>>> print(open('protein37.txt').read())   # compact mmCIF, C-alpha atoms
# COMPACT_ATOMS: atom_id res chain seq x y z
CA MET W 1 56.15 27.95 33.94
CA SER W 2 53.60 25.50 32.58
CA ILE W 3 52.98 25.12 28.86
CA ALA W 4 49.62 26.82 29.33
CA ASP W 5 51.25 29.79 31.07
CA LEU W 6 53.92 30.13 28.39
CA ASP W 7 51.26 29.93 25.70
CA ARG W 8 49.07 32.54 27.37
CA ASP W 9 51.96 34.93 27.90
CA TYR W 10 53.76 34.68 24.56
CA VAL W 11 51.74 33.07 21.72
CA PHE W 12 49.61 35.21 19.41
CA HIS W 13 46.84 32.78 18.44
CA PRO W 14 44.90 32.73 15.15
CA PHE W 15 41.08 32.72 15.16
CA THR W 16 40.99 33.35 18.91
CA VAL W 17 39.26 35.91 21.14
CA LEU W 18 42.52 37.49 22.19
CA ALA W 19 41.31 39.19 25.37
CA THR W 20 39.84 35.93 26.65
CA HIS W 21 43.00 34.01 25.85
CA GLN W 22 45.07 36.67 27.59
CA GLN W 23 43.15 35.92 30.76
CA SER W 24 42.53 32.17 30.66
CA GLY W 25 45.08 30.68 28.27
CA PRO W 26 44.48 27.55 26.18
CA PRO W 27 41.69 25.13 27.16
CA ILE W 28 44.12 22.25 26.60
CA SER W 29 47.80 22.02 25.64
CA ILE W 30 48.52 19.13 23.29
CA VAL W 31 51.89 17.43 23.71
CA GLU W 32 51.47 14.11 21.88
CA ALA W 33 49.21 12.44 19.32
CA HIS W 34 48.78 9.01 17.76
CA GLY W 35 46.15 7.82 15.29
CA SER W 36 42.97 9.74 16.12
CA THR W 37 43.94 10.49 19.71
CA VAL W 38 45.69 13.59 21.08
CA VAL W 39 47.14 13.86 24.58
CA ASP W 40 47.37 17.00 26.68
CA ALA W 41 50.02 18.14 29.13
CA ASP W 42 48.10 16.51 32.01
CA GLY W 43 48.03 13.15 30.25
CA ARG W 44 44.35 13.32 29.37
CA ARG W 45 43.40 11.74 26.03
CA TYR W 46 40.96 13.15 23.50
CA LEU W 47 39.53 11.82 20.24
CA ASP W 48 40.17 14.37 17.52
CA ALA W 49 36.96 14.51 15.51
CA MET W 50 38.42 17.21 13.23
CA ALA W 51 41.76 15.69 12.15
CA GLY W 52 43.37 18.91 13.33
CA LEU W 53 41.87 21.39 10.88
CA TRP W 54 40.37 18.95 8.33
CA CYS W 55 43.88 17.78 7.47
CA VAL W 56 45.53 14.88 9.37
CA ASN W 57 44.01 12.33 7.04
CA ILE W 58 46.33 9.38 7.75
CA GLY W 59 46.24 9.98 11.50
CA TYR W 60 48.89 11.29 13.85
CA SER W 61 52.47 10.01 14.22
CA HIS W 62 52.43 7.49 11.39
CA PRO W 63 55.83 5.73 11.58
CA GLU W 64 56.29 5.62 7.80
CA MET W 65 55.96 9.38 7.64
CA ALA W 66 58.52 9.82 10.41
CA ASP W 67 60.93 7.55 8.55
CA ALA W 68 60.38 9.35 5.24
CA LEU W 69 61.02 12.75 6.79
CA HIS W 70 64.18 11.47 8.45
CA ARG W 71 65.50 10.01 5.19
CA GLN W 72 64.84 13.20 3.23
CA ALA W 73 66.23 15.47 5.95
CA SER W 74 69.37 13.32 6.03
CA LYS W 75 69.80 13.50 2.25
CA LEU W 76 68.49 16.87 1.02
CA PRO W 77 66.53 18.89 3.60
CA TYR W 78 66.17 21.95 1.37
CA PHE W 79 67.04 23.52 -1.93
CA HIS W 80 65.24 26.30 -3.77
CA ALA W 81 63.32 26.18 -7.05
CA PHE W 82 64.22 29.67 -8.35
CA SER W 83 65.98 30.12 -11.71
CA SER W 84 64.96 26.66 -12.98
CA MET W 85 66.67 24.78 -10.13
CA GLY W 86 65.24 21.28 -9.82
CA THR W 87 65.07 18.66 -7.07
CA GLU W 88 63.90 15.07 -7.21
CA ALA W 89 60.99 14.81 -4.78
CA PRO W 90 59.01 17.83 -6.10
CA ALA W 91 59.50 16.65 -9.69
CA ARG W 92 58.13 13.20 -8.89
CA LEU W 93 55.28 14.66 -6.87
CA ALA W 94 54.30 17.05 -9.68
CA GLU W 95 54.13 14.13 -12.13
CA ARG W 96 51.97 12.20 -9.68
CA LEU W 97 49.56 15.11 -9.14
CA ILE W 98 49.12 15.62 -12.87
CA GLN W 99 48.36 11.93 -13.27
CA MET W 100 45.88 12.00 -10.35
CA ALA W 101 44.03 15.16 -11.36
CA PRO W 102 40.31 14.69 -12.11
CA VAL W 103 40.58 16.79 -15.28
CA PRO W 104 43.61 17.29 -17.55
CA MET W 105 46.20 19.60 -16.02
CA ALA W 106 49.53 20.80 -17.41
CA LYS W 107 51.79 22.04 -14.61
CA VAL W 108 52.08 22.24 -10.82
CA PHE W 109 53.19 25.29 -8.84
CA PHE W 110 54.13 24.54 -5.22
CA GLY W 111 53.55 26.79 -2.23
CA ASN W 112 53.17 26.47 1.50
CA SER W 113 49.48 26.87 2.37
CA GLY W 114 46.03 26.97 0.84
CA SER W 115 45.99 30.71 1.44
CA ASP W 116 49.12 31.43 -0.59
CA ALA W 117 48.02 28.97 -3.26
CA ASN W 118 44.76 30.86 -3.80
CA ASP W 119 46.73 34.11 -3.97
CA THR W 120 48.85 32.45 -6.64
CA GLN W 121 45.73 31.40 -8.55
CA ALA W 122 44.49 35.00 -8.62
CA LYS W 123 47.85 36.25 -9.86
CA LEU W 124 47.87 33.58 -12.57
CA VAL W 125 44.39 34.68 -13.66
CA TRP W 126 45.46 38.32 -13.85
CA TYR W 127 48.73 37.44 -15.65
CA TYR W 128 46.78 35.29 -18.11
CA ASN W 129 44.34 38.06 -18.97
CA ASN W 130 47.07 40.67 -19.29
CA LEU W 131 48.83 38.43 -21.81
CA LEU W 132 45.56 38.05 -23.74
CA GLY W 133 45.21 41.84 -23.94
CA ARG W 134 42.28 41.94 -21.52
CA PRO W 135 43.55 44.23 -18.73
CA GLU W 136 40.04 44.93 -17.42
CA LYS W 137 39.13 41.25 -16.96
CA LYS W 138 40.32 40.94 -13.36
CA LYS W 139 37.36 40.49 -11.01
CA ILE W 140 37.02 37.23 -9.12
CA ILE W 141 33.66 36.00 -7.85
CA SER W 142 33.48 33.89 -4.71
CA ARG W 143 30.62 32.79 -2.48
CA HIS W 144 29.42 33.94 0.90
CA ARG W 145 30.52 31.39 3.52
CA GLY W 146 33.29 30.12 1.26
CA TYR W 147 36.69 29.73 2.91
CA HIS W 148 39.75 30.35 0.73
CA GLY W 149 42.39 31.57 3.15
CA VAL W 150 43.46 34.57 5.21
CA THR W 151 46.12 36.40 3.20
CA VAL W 152 45.25 39.88 1.91
CA LEU W 153 43.69 38.53 -1.27
CA SER W 154 42.40 35.12 -0.17
CA GLY W 155 40.93 36.60 3.02
CA GLY W 156 38.67 38.69 0.81
CA LEU W 157 37.82 35.75 -1.41
CA THR W 158 36.63 34.09 1.77
CA GLY W 159 32.98 34.94 2.27
CA LEU W 160 32.95 35.18 6.06
CA ALA W 161 32.51 38.57 7.69
CA ASN W 162 34.84 37.95 10.62
CA LEU W 163 37.73 37.51 8.18
CA HIS W 164 36.99 40.93 6.67
CA ASP W 165 36.07 43.03 9.70
CA GLY W 166 38.90 45.27 10.84
CA PHE W 167 41.18 44.30 7.94
CA ASP W 168 39.81 46.52 5.14
CA LEU W 169 38.81 43.44 3.13
CA PRO W 170 37.82 42.37 0.58
CA LEU W 171 39.96 44.02 -2.07
CA PRO W 172 37.95 45.96 -4.66
CA MET W 173 38.13 43.36 -7.45
CA ILE W 174 36.29 40.68 -5.44
CA ARG W 175 32.55 39.95 -5.57
CA HIS W 176 30.39 37.40 -3.77
CA VAL W 177 27.24 35.42 -4.57
CA ARG W 178 25.01 33.21 -2.43
CA PRO W 179 26.16 29.72 -1.45
CA PRO W 180 24.15 26.56 -2.22
CA HIS W 181 23.00 26.32 1.40
CA ARG W 182 19.60 24.64 1.31
CA LEU W 183 18.72 25.40 4.94
CA TRP W 184 18.93 29.17 4.63
CA GLU W 185 19.06 30.04 0.92
CA ARG W 186 16.61 27.75 -0.89
CA GLU W 187 13.06 29.01 -1.38
CA PRO W 188 10.42 26.88 0.42
CA GLY W 189 9.14 24.19 -1.89
CA ALA W 190 11.89 24.58 -4.48
CA THR W 191 13.57 21.44 -5.77
CA ASP W 192 17.33 21.02 -5.83
CA GLU W 193 17.28 21.52 -9.59
CA GLU W 194 15.32 24.76 -9.28
CA PHE W 195 17.63 25.97 -6.53
CA ALA W 196 20.70 25.26 -8.67
CA ARG W 197 19.21 27.11 -11.64
CA THR W 198 18.34 30.08 -9.43
CA LEU W 199 21.90 30.35 -8.13
CA ALA W 200 23.33 29.99 -11.63
CA GLN W 201 21.03 32.76 -12.87
CA GLU W 202 22.16 34.99 -10.00
CA LEU W 203 25.78 34.41 -11.05
CA ASP W 204 24.84 35.21 -14.65
CA ASP W 205 23.08 38.40 -13.53
CA LEU W 206 26.10 39.52 -11.51
CA ILE W 207 28.51 38.93 -14.39
CA VAL W 208 26.28 40.95 -16.71
CA ALA W 209 25.92 43.73 -14.14
CA GLU W 210 29.67 43.91 -13.60
CA GLY W 211 30.43 43.54 -17.30
CA PRO W 212 31.61 40.20 -18.71
CA ASP W 213 34.81 41.86 -19.93
CA THR W 214 35.71 42.58 -16.26
CA VAL W 215 35.02 39.17 -14.68
CA ALA W 216 37.95 36.77 -14.82
CA ALA W 217 37.26 33.82 -12.52
CA PHE W 218 34.88 32.07 -10.15
CA ILE W 219 36.40 30.26 -7.15
CA ALA W 220 34.55 27.56 -5.25
CA GLU W 221 35.09 24.63 -2.91
CA PRO W 222 33.39 21.48 -4.26
CA VAL W 223 31.90 21.04 -0.78
CA MET W 224 32.14 24.11 1.43
CA ALA W 225 33.94 23.16 4.64
CA ALA W 226 34.64 25.87 7.23
CA GLY W 227 31.63 27.87 6.05
CA GLY W 228 29.28 25.19 7.32
CA VAL W 229 29.84 21.86 5.49
CA ILE W 230 27.58 22.83 2.59
CA VAL W 231 27.02 20.15 -0.05
CA PRO W 232 25.70 21.56 -3.34
CA PRO W 233 22.77 20.13 -5.29
CA GLU W 234 23.82 17.56 -7.87
CA THR W 235 23.16 19.94 -10.76
CA TYR W 236 24.76 23.00 -9.16
CA PHE W 237 28.22 22.86 -10.75
CA PRO W 238 26.95 21.83 -14.20
CA GLU W 239 24.59 24.82 -14.13
CA ILE W 240 27.37 27.14 -12.92
CA GLN W 241 29.70 25.82 -15.63
CA LYS W 242 27.25 26.85 -18.34
CA VAL W 243 27.44 30.43 -17.09
CA LEU W 244 31.23 30.41 -16.86
CA ASP W 245 31.55 29.03 -20.39
CA LYS W 246 29.12 31.65 -21.69
CA TYR W 247 31.28 34.53 -20.48
CA ASP W 248 34.76 32.96 -20.71
CA VAL W 249 35.22 32.96 -16.93
CA LEU W 250 37.76 30.55 -15.43
CA LEU W 251 36.81 28.09 -12.68
CA ILE W 252 39.20 27.74 -9.73
CA ALA W 253 38.38 24.64 -7.67
CA ASP W 254 39.54 25.02 -4.08
CA GLU W 255 40.24 21.39 -3.14
CA VAL W 256 42.16 22.23 0.03
CA VAL W 257 39.78 20.20 2.22
CA CYS W 258 38.10 17.96 -0.35
CA GLY W 259 41.21 16.76 -2.18
CA PHE W 260 42.89 13.39 -1.59
CA GLY W 261 39.91 11.42 -0.37
CA ARG W 262 37.97 13.40 2.24
CA LEU W 263 34.69 12.90 0.34
CA GLY W 264 35.27 9.22 -0.40
CA VAL W 265 36.67 9.99 -3.86
CA GLU W 266 40.12 11.34 -4.68
CA PHE W 267 38.90 14.86 -5.49
CA GLY W 268 35.81 16.85 -4.71
CA SER W 269 35.55 18.05 -8.31
CA THR W 270 34.76 14.48 -9.33
CA ALA W 271 32.11 14.18 -6.62
CA VAL W 272 30.24 17.31 -7.71
CA GLY W 273 30.83 17.24 -11.48
CA ALA W 274 33.07 20.33 -11.66
CA ARG W 275 35.48 20.98 -14.57
CA PRO W 276 38.09 23.38 -13.16
CA ASP W 277 40.67 25.29 -15.17
CA LEU W 278 42.79 25.67 -12.02
CA MET W 279 42.88 23.59 -8.83
CA THR W 280 44.19 24.42 -5.37
CA VAL W 281 45.30 21.61 -3.04
CA ALA W 282 46.92 21.60 0.40
CA LYS W 283 46.01 20.01 3.81
CA GLY W 284 45.55 16.37 2.79
CA ILE W 285 48.47 16.40 0.35
CA THR W 286 50.82 15.76 3.30
CA SER W 287 48.17 15.06 5.97
CA ALA W 288 49.60 18.27 7.49
CA TYR W 289 52.86 16.64 8.57
CA VAL W 290 54.71 19.37 6.66
CA PRO W 291 53.20 22.55 5.17
CA LEU W 292 52.66 22.23 1.42
CA SER W 293 50.23 23.50 -1.18
CA ALA W 294 49.98 23.21 -4.93
CA CYS W 295 48.29 25.00 -7.79
CA LEU W 296 47.39 22.69 -10.65
CA VAL W 297 47.26 24.70 -13.85
CA GLY W 298 45.28 23.56 -16.89
CA SER W 299 46.53 23.85 -20.45
CA LYS W 300 44.13 26.68 -21.27
CA VAL W 301 45.96 28.91 -18.81
CA TRP W 302 49.43 27.38 -19.03
CA ASP W 303 49.68 27.68 -22.82
CA VAL W 304 49.16 31.43 -22.47
CA ILE W 305 51.31 32.18 -19.44
CA VAL W 306 54.29 30.15 -20.64
CA GLU W 307 54.52 32.63 -23.50
CA GLY W 308 54.71 35.46 -20.97
CA SER W 309 58.51 35.15 -20.89
CA SER W 310 58.75 36.99 -24.17
CA ARG W 311 56.89 39.96 -22.68
CA TYR W 312 57.72 39.98 -18.98
CA GLY W 313 60.90 37.93 -18.71
CA ALA W 314 61.26 35.63 -15.71
CA PHE W 315 57.99 34.73 -13.99
CA GLY W 316 58.05 37.08 -11.00
CA HIS W 317 56.32 35.00 -8.35
CA GLY W 318 57.33 32.28 -5.90
CA TYR W 319 58.46 31.55 -2.36
CA THR W 320 61.65 30.60 -0.59
CA TYR W 321 59.96 27.31 0.27
CA SER W 322 58.32 26.61 -3.12
CA ALA W 323 58.87 22.98 -4.12
CA HIS W 324 60.39 22.17 -0.73
CA PRO W 325 62.05 18.71 -0.94
CA LEU W 326 61.07 17.71 2.61
CA ALA W 327 57.42 18.63 2.04
CA ALA W 328 57.37 16.83 -1.31
CA ALA W 329 58.83 13.68 0.24
CA ALA W 330 56.14 13.84 2.92
CA ALA W 331 53.48 14.17 0.26
CA MET W 332 54.76 11.20 -1.72
CA THR W 333 54.77 8.98 1.36
CA ASN W 334 51.36 10.25 2.47
CA LEU W 335 49.87 9.47 -0.95
CA ASP W 336 51.55 6.06 -0.93
CA ILE W 337 49.88 5.27 2.41
CA ILE W 338 46.48 6.48 1.25
CA GLU W 339 46.68 4.42 -1.95
CA ARG W 340 48.17 1.25 -0.43
CA ASP W 341 45.81 1.14 2.54
CA GLY W 342 42.67 1.96 0.55
CA LEU W 343 42.00 5.03 2.68
CA VAL W 344 39.87 6.83 0.10
CA GLN W 345 37.40 3.95 0.13
CA ARG W 346 37.71 3.78 3.89
CA ALA W 347 36.86 7.48 4.17
CA GLY W 348 33.69 6.82 2.20
CA ASP W 349 32.76 3.80 4.33
CA LEU W 350 33.47 5.60 7.60
CA GLY W 351 31.52 8.56 6.29
CA THR W 352 28.47 6.36 5.82
CA LEU W 353 28.80 5.22 9.43
CA LEU W 354 29.37 8.76 10.70
CA HIS W 355 26.24 10.13 9.02
CA SER W 356 24.16 7.19 10.23
CA GLU W 357 25.37 7.67 13.81
CA LEU W 358 24.71 11.42 13.66
CA ARG W 359 21.16 10.93 12.35
CA SER W 360 20.46 8.42 15.09
CA ALA W 361 22.05 10.41 17.89
CA PHE W 362 20.63 13.84 17.06
CA ALA W 363 17.23 12.96 15.59
CA ASP W 364 15.36 13.98 18.74
CA HIS W 365 17.52 16.89 19.90
CA PRO W 366 15.27 19.94 20.37
CA ASN W 367 17.67 22.38 18.68
CA VAL W 368 18.85 20.48 15.61
CA ALA W 369 17.92 22.16 12.34
CA GLU W 370 19.92 19.98 9.97
CA ILE W 371 22.44 17.14 9.81
CA ARG W 372 24.43 17.27 6.59
CA GLY W 373 27.64 16.37 4.82
CA THR W 374 29.14 13.76 2.54
CA GLY W 375 32.04 11.36 2.82
CA LEU W 376 34.06 11.84 5.98
CA VAL W 377 32.91 15.40 6.59
CA ALA W 378 29.71 16.25 8.43
CA ALA W 379 27.99 18.93 10.45
CA VAL W 380 25.11 19.40 12.83
CA GLU W 381 23.48 22.84 12.76
CA PHE W 382 21.58 24.03 15.81
CA VAL W 383 18.91 26.73 16.00
CA LYS W 384 16.64 28.11 18.71
CA ASP W 385 13.51 26.73 17.04
CA PRO W 386 13.84 24.18 14.20
CA ALA W 387 10.15 24.38 13.28
CA SER W 388 10.35 28.06 12.38
CA ARG W 389 14.07 27.98 11.51
CA THR W 390 14.72 30.67 14.10
CA PRO W 391 18.42 31.08 14.91
CA PHE W 392 19.71 31.79 18.38
CA ASP W 393 19.76 35.43 19.40
CA ALA W 394 23.52 35.33 19.97
CA VAL W 395 24.71 33.35 16.97
CA GLY W 396 27.67 31.12 17.75
CA GLN W 397 27.30 30.86 21.52
CA PHE W 398 25.39 27.56 21.51
CA SER W 399 27.87 25.76 19.24
CA ALA W 400 30.80 27.19 21.22
CA ALA W 401 29.25 25.80 24.40
CA VAL W 402 28.85 22.40 22.72
CA THR W 403 32.51 22.28 21.71
CA ARG W 404 33.61 23.21 25.23
CA ALA W 405 31.40 20.52 26.73
CA SER W 406 32.69 18.04 24.13
CA LEU W 407 36.21 18.60 25.42
CA GLU W 408 35.00 17.62 28.87
CA ASN W 409 33.71 14.43 27.25
CA GLY W 410 37.09 13.75 25.63
CA VAL W 411 36.23 14.82 22.08
CA VAL W 412 37.81 17.65 20.08
CA THR W 413 35.38 19.12 17.58
CA ARG W 414 34.92 22.57 16.05
CA ALA W 415 32.24 25.26 16.01
CA LEU W 416 32.01 26.83 12.55
CA PRO W 417 31.50 30.56 11.97
CA ALA W 418 28.37 32.46 10.88
CA ALA W 419 25.95 29.99 12.51
CA ASP W 420 25.65 27.46 15.33
CA THR W 421 27.23 24.53 13.53
CA VAL W 422 29.45 21.79 14.95
CA SER W 423 31.60 19.88 12.47
CA PHE W 424 33.18 16.44 12.12
CA SER W 425 36.15 15.59 9.91
CA PRO W 426 38.12 12.78 11.58
CA PRO W 427 41.22 11.01 10.23
CA PHE W 428 40.65 8.32 7.61
CA THR W 429 42.27 5.82 9.99
CA THR W 430 39.69 6.37 12.75
CA THR W 431 38.09 3.14 13.94
CA GLU W 432 34.36 2.49 13.87
CA ASP W 433 34.27 2.48 17.68
CA GLU W 434 36.05 5.83 17.73
CA ILE W 435 33.48 7.27 15.29
CA ARG W 436 30.70 6.16 17.64
CA ALA W 437 32.55 7.59 20.65
CA MET W 438 33.04 10.94 18.88
CA VAL W 439 29.34 11.22 18.06
CA ASP W 440 28.35 10.12 21.55
CA GLY W 441 30.64 12.68 23.18
CA VAL W 442 29.24 15.54 21.13
CA ARG W 443 25.66 14.32 21.59
CA ARG W 444 26.05 14.33 25.38
CA ALA W 445 27.60 17.78 25.15
CA ALA W 446 24.67 19.07 23.10
CA GLU W 447 22.23 17.59 25.61
CA SER W 448 23.93 19.48 28.41
CA VAL W 449 23.45 22.85 26.66
CA ALA W 450 20.09 22.21 25.00
CA VAL W 451 17.68 25.13 24.84
CA LYS W 452 13.93 24.56 24.77
CA ALA W 453 12.32 26.75 22.12
>>> encode(input="protein37.txt", output="structure tokens")
Amino acid sequence: MSIADLDRDYVFHPFTVLATHQQSGPPISIVEAHGSTVVDADGRRYLDAMAGLWCVNIGYSHPEMADALHRQASKLPYFHAFSSMGTEAPARLAERLIQMAPVPMAKVFFGNSGSDANDTQAKLVWYYNNLLGRPEKKKIISRHRGYHGVTVLSGGLTGLANLHDGFDLPLPMIRHVRPPHRLWEREPGATDEEFARTLAQELDDLIVAEGPDTVAAFIAEPVMAAGGVIVPPETYFPEIQKVLDKYDVLLIADEVVCGFGRLGVEFGSTAVGARPDLMTVAKGITSAYVPLSACLVGSKVWDVIVEGSSRYGAFGHGYTYSAHPLAAAAAMTNLDIIERDGLVQRAGDLGTLLHSELRSAFADHPNVAEIRGTGLVAAVEFVKDPASRTPFDAVGQFSAAVTRASLENGVVTRALPAADTVSFSPPFTTTEDEIRAMVDGVRRAAESVAVKA
């Protein structure tokens, strides 16, 4: 049987229309990848404009990463972190993350994915408030369109309906507010500053309505990725922070996509002026070579929960693969490569080129409503009629058609949910010519499916 047949018959795919896959199988089957190029089972080559899922920052098949994984697997492939057991690579990585953090942090808790890390953050918030004698202060506010994972808790924190439908989500302690999406949420004529104040006031109003003694945390991506590549106004996070400080609500910064250089700075919190109490990182920490996530915990929270031993005994949370030595070694090498090769600066420079190419290529497309992004993350949003901001009748079909046509042009991109948006998030090692080829491939695809309003 071919790889495609095996896949169709036996693999249960995430974020896939299962009935369609059952009939047709995968559009391509990837068997090899180098740099920004992936190769399918038929030998056809594609430029990966998404770095996998926003994550292969140093590019595919970097030889130093292969060597590092081999060395670690030959020396200590695994040992657990339960009952105070320590290993070298996670200890060194934790020190490095604390030193890198954009705001002072105290400790690092390692997991396996952004989803489980955000679950951990919620449990830390609840544990923290229980220790402070505030058992009712448990609600967590997220944003519509935010993406925070797919586990039972983080799936509900995510503000996308298709992650809730059919799963009985979100859990009852989760609330949502509007995102800082200028295209659809900002009042006509309002300035960025006015828009930011409006959203901050809405958060304030929700906290008051729920009861400040019941609201524990606000979770937010510095720049919203899977929900549409939504860049907040410059004053958004400072205005939000005033509200959080007013009601003693913790800020969880979800840096899963933004962290480690994607925006042209090491962390998204720096780019948007956020001051998190807790930070979630994953994806770019290893460039996805090995699964790894981390929760960075600030002193405000750590100083309380470390005293929990006297009340609850051993901290009752963790995973078999927490602080995995192989993953930590991958992270250390990945961060070495990013630092040595100046890839954060390169991401910023390539981002400038990417946005320039997108503006030039899509300026006259009849269905483009907005081109947006920052650093090496960008999106083009399509609508039926840009003049009236009228979306397509069947939301999502246009962008899905563009991504399919892009594959025919040798470019892998991604249609984002809840709109007709096509995204770009290539590896930091992508060449300038490859950036131009990615944009050109998607532009030609969009031309082929253009709809006259």
>>> closest_residue(input="protein37.txt", among="W:Val223, W:Leu157, W:Ala314, W:Ala330", to="Thr286 of chain W", atoms="all atoms listed in the file")
W:Ala330
>>> atom_distance(input="protein37.txt", atom1="atom CA of Ala122 of chain W", atom2="atom CA of Ser269 of chain W")
19.2 Å
>>> residues_around(input="protein37.txt", residues="Asp9 of chain W", least_positions_apart="3", cutoff="9 Å", atoms="only C-alpha atoms", output="PDB file with C-alpha atoms, in the frame of the given file")
ATOM      1  CA  ALA W   4      49.620  26.820  29.330  1.00  0.00           C
ATOM      2  CA  ASP W   5      51.250  29.790  31.070  1.00  0.00           C
ATOM      3  CA  LEU W   6      53.920  30.130  28.390  1.00  0.00           C
ATOM      4  CA  PHE W  12      49.610  35.210  19.410  1.00  0.00           C
ATOM      5  CA  GLN W  22      45.070  36.670  27.590  1.00  0.00           C
ATOM      6  CA  GLY W  25      45.080  30.680  28.270  1.00  0.00           C
TER       7      GLY W  25
END
>>> closest_residue(input="protein37.txt", among="W:Leu263, W:Ala81, W:Met224, W:Ala282", to="Gln345 of chain W", atoms="all atoms listed in the file")
W:Leu263
>>> residues_around(input="protein37.txt", residues="Gly342 of chain W", least_positions_apart="3", cutoff="12 Å", atoms="only C-alpha atoms", output="number ranges by chain")
W: 58, 260-261, 264-266, 335-339, 345-349, 428-429
>>> write_last_selection(input="protein37.txt", atoms="C-alpha atoms", output="mmCIF file, keeping the file's coordinate frame")
data_model
loop_
_atom_site.group_PDB
_atom_site.id
_atom_site.type_symbol
_atom_site.label_atom_id
_atom_site.label_comp_id
_atom_site.auth_asym_id
_atom_site.auth_seq_id
_atom_site.Cartn_x
_atom_site.Cartn_y
_atom_site.Cartn_z
ATOM 1 C CA ILE W 58 46.330 9.380 7.750
ATOM 2 C CA PHE W 260 42.890 13.390 -1.590
ATOM 3 C CA GLY W 261 39.910 11.420 -0.370
ATOM 4 C CA GLY W 264 35.270 9.220 -0.400
ATOM 5 C CA VAL W 265 36.670 9.990 -3.860
ATOM 6 C CA GLU W 266 40.120 11.340 -4.680
ATOM 7 C CA LEU W 335 49.870 9.470 -0.950
ATOM 8 C CA ASP W 336 51.550 6.060 -0.930
ATOM 9 C CA ILE W 337 49.880 5.270 2.410
ATOM 10 C CA ILE W 338 46.480 6.480 1.250
ATOM 11 C CA GLU W 339 46.680 4.420 -1.950
ATOM 12 C CA GLN W 345 37.400 3.950 0.130
ATOM 13 C CA ARG W 346 37.710 3.780 3.890
ATOM 14 C CA ALA W 347 36.860 7.480 4.170
ATOM 15 C CA GLY W 348 33.690 6.820 2.200
ATOM 16 C CA ASP W 349 32.760 3.800 4.330
ATOM 17 C CA PHE W 428 40.650 8.320 7.610
ATOM 18 C CA THR W 429 42.270 5.820 9.990
#
>>> atom_distance(input="protein37.txt", atom1="atom CA of Val449 of chain W", atom2="atom CA of Asp40 of chain W")
24.6 Å
>>> residues_around(input="protein37.txt", residues="segment 402-419 of chain W", least_positions_apart="6", cutoff="9 Å", atoms="all atoms listed in the file", output="mmCIF file with C-alpha atoms, keeping the file's coordinate frame")
data_model
loop_
_atom_site.group_PDB
_atom_site.id
_atom_site.type_symbol
_atom_site.label_atom_id
_atom_site.label_comp_id
_atom_site.auth_asym_id
_atom_site.auth_seq_id
_atom_site.Cartn_x
_atom_site.Cartn_y
_atom_site.Cartn_z
ATOM 1 C CA PRO W 27 41.690 25.130 27.160
ATOM 2 C CA ILE W 28 44.120 22.250 26.600
ATOM 3 C CA VAL W 38 45.690 13.590 21.080
ATOM 4 C CA ARG W 44 44.350 13.320 29.370
ATOM 5 C CA ARG W 45 43.400 11.740 26.030
ATOM 6 C CA TYR W 46 40.960 13.150 23.500
ATOM 7 C CA LEU W 47 39.530 11.820 20.240
ATOM 8 C CA ASP W 48 40.170 14.370 17.520
ATOM 9 C CA ALA W 49 36.960 14.510 15.510
ATOM 10 C CA MET W 50 38.420 17.210 13.230
ATOM 11 C CA GLY W 52 43.370 18.910 13.330
ATOM 12 C CA LEU W 53 41.870 21.390 10.880
ATOM 13 C CA ARG W 145 30.520 31.390 3.520
ATOM 14 C CA LEU W 160 32.950 35.180 6.060
ATOM 15 C CA ALA W 161 32.510 38.570 7.690
ATOM 16 C CA ASN W 162 34.840 37.950 10.620
ATOM 17 C CA ALA W 225 33.940 23.160 4.640
ATOM 18 C CA ALA W 226 34.640 25.870 7.230
ATOM 19 C CA GLY W 227 31.630 27.870 6.050
ATOM 20 C CA GLY W 228 29.280 25.190 7.320
ATOM 21 C CA VAL W 229 29.840 21.860 5.490
ATOM 22 C CA GLU W 381 23.480 22.840 12.760
ATOM 23 C CA PHE W 382 21.580 24.030 15.810
ATOM 24 C CA VAL W 383 18.910 26.730 16.000
ATOM 25 C CA PRO W 391 18.420 31.080 14.910
ATOM 26 C CA PHE W 392 19.710 31.790 18.380
ATOM 27 C CA VAL W 395 24.710 33.350 16.970
ATOM 28 C CA GLY W 396 27.670 31.120 17.750
ATOM 29 C CA SER W 425 36.150 15.590 9.910
ATOM 30 C CA ALA W 437 32.550 7.590 20.650
ATOM 31 C CA MET W 438 33.040 10.940 18.880
ATOM 32 C CA VAL W 439 29.340 11.220 18.060
ATOM 33 C CA ASP W 440 28.350 10.120 21.550
ATOM 34 C CA GLY W 441 30.640 12.680 23.180
ATOM 35 C CA VAL W 442 29.240 15.540 21.130
ATOM 36 C CA ARG W 443 25.660 14.320 21.590
ATOM 37 C CA ARG W 444 26.050 14.330 25.380
ATOM 38 C CA ALA W 445 27.600 17.780 25.150
ATOM 39 C CA ALA W 446 24.670 19.070 23.100
ATOM 40 C CA GLU W 447 22.230 17.590 25.610
ATOM 41 C CA SER W 448 23.930 19.480 28.410
ATOM 42 C CA VAL W 449 23.450 22.850 26.660
#
>>> closest_residue(input="protein37.txt", among="W:Pro386, W:Pro90, W:Pro276, W:Gly159", to="Ala217 of chain W", atoms="only C-alpha atoms")
W:Pro276
>>> closest_residue(input="protein37.txt", among="W:Arg8, W:Lys246, W:Lys138, W:Lys107", to="Arg175 of chain W", atoms="only C-alpha atoms")
W:Lys138
>>> atom_distance(input="protein37.txt", atom1="atom CA of Ser154 of chain W", atom2="atom CA of Arg96 of chain W")
26.6 Å
>>> closest_residue(input="protein37.txt", among="W:Ala329, W:Val344, W:Ala220, W:Val301", to="Asn118 of chain W", atoms="only C-alpha atoms")
W:Ala220
